[in-house]
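Below you'll find the structure, written out as structure tokens, and then a few comments.
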Amino acid sequence: MTFPLWPIEVIGLHRSVKLDAVLDTGFFGELCLPLSIATKLGLVLVDEMHIGLADGQKKFEMIFDGEVGFLGIKRNVSIFVFERNEALIGIKLLAECQLVIDFPTQKVNLFRTERKKKK
């Protein structure tokens, strides 16, 4: 089953862009952008790290700060920049969401869960 694309807005220092991203439940970060998009936004480099990919490869990747608008909320996120053609939404960005998959109809629903306020 292939997940549908979800609309997001990514905001950097120079500009913002609206795009569709793949939900990747195997990606433990918040957001991954193609290099071709990230370079235009003016994202701020904050860190570098070695990461393990699904195919077992280890790569050295740069991490940038940016802002994302996703499911009605804007927030600061860490953005990985890869040489790939698609944007990925990872599980850290989905932490306050509920993902429902109806396998018989192959429909996917994603929405924010309401948090109960502490007394």
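In the structure tokens, each chain is lettered A, B, ... as it comes, each chain's residues begin at 1, and ligands are numbered from 1 in order of appearance.
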- request: Extract the full set of strand (DSSP E) residues from chain A according to DSSP on the backbone, and format it as a PyMOL selection string.
  value: chain A and resi 5-11+16-23+31-34+44-52+58-70+73-82+87-89+97-102+107-112
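DSSP on the backbone gives helix (DSSP H, G or I) for these parts of chain A: Leu35, Ser36, Ile37, Ala38, Thr39, Lys40 and Leu41 of chain A.
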Dump of C-alpha atoms for the selected residues, as an mmCIF file, in the first residue's frame:
```
data_model
loop_
_atom_site.group_PDB
_atom_site.id
_atom_site.type_symbol
_atom_site.label_atom_id
_atom_site.label_comp_id
_atom_site.auth_asym_id
_atom_site.auth_seq_id
_atom_site.Cartn_x
_atom_site.Cartn_y
_atom_site.Cartn_z
ATOM 1 C CA LEU A 35 18.337 19.335 -2.038
ATOM 2 C CA SER A 36 16.797 21.180 -5.008
ATOM 3 C CA ILE A 37 14.028 22.616 -2.790
ATOM 4 C CA ALA A 38 16.065 23.179 0.377
ATOM 5 C CA THR A 39 18.694 25.355 -1.300
ATOM 6 C CA LYS A 40 16.075 27.887 -2.421
ATOM 7 C CA LEU A 41 14.525 28.339 1.039
#
```
message: Can you tell me which residues surround Arg75 in chain A at a distance of at most 10 Å, considering only C-alpha atoms, apart from same-chain residues fewer than 3 positions away, and format the answer as a list in words?
response: Val10, Ile11, Gly66, Glu67, Val68, Gly69, Phe70 and Leu93 of chain A
So that I have them on file, write out the residues from the current selection with C-alpha atoms, as a PDB file, in the first residue's frame.
```pdb
ATOM      1  CA  VAL A  10       8.145  24.763   4.474  1.00  0.00           C
ATOM      2  CA  ILE A  11       9.420  28.200   5.502  1.00  0.00           C
ATOM      3  CA  GLY A  66      13.246  25.630   9.357  1.00  0.00           C
ATOM      4  CA  GLU A  67       9.572  26.086   9.966  1.00  0.00           C
ATOM      5  CA  VAL A  68       6.769  23.894   8.673  1.00  0.00           C
ATOM      6  CA  GLY A  69       3.025  24.367   8.379  1.00  0.00           C
ATOM      7  CA  PHE A  70       1.361  20.981   8.737  1.00  0.00           C
ATOM      8  CA  LEU A  93       6.317  15.401  12.930  1.00  0.00           C
TER       9      LEU A  93
END
```
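Each of A:Gly52, A:Ile89, A:Pro104, A:Ile8 was compared to Thr25 in chain A using only C-alpha atoms, and A:Ile89 turns out to be the nearest.
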task: Identify, on the basis of only C-alpha atoms, every residue whose closest approach to range 58-64 of chain A does not exceed 7 Å; exclude the query and any residue fewer than 5 positions from it along the same chain; express the result as an MDAnalysis selection string.
output: chainID A and resid 43:53 78:81
message: Which residues are near range 107-116 of chain A? Cut-off 12 Å, only C-alpha atoms, ignore same chain within fewer than 2 positions. Put them as a list in words.
response: Met1, Thr2, Phe3, Pro4, Leu5, Trp6, Pro7, Leu23, Phe70, Leu71, Gly72, Ile73, Leu93, Leu94, Ala95, Glu96, Cys97, Gln98, Leu99, Val100, Ile101, Asp102, Phe103, Pro104, Thr105, Lys118 and Lys119 of chain A
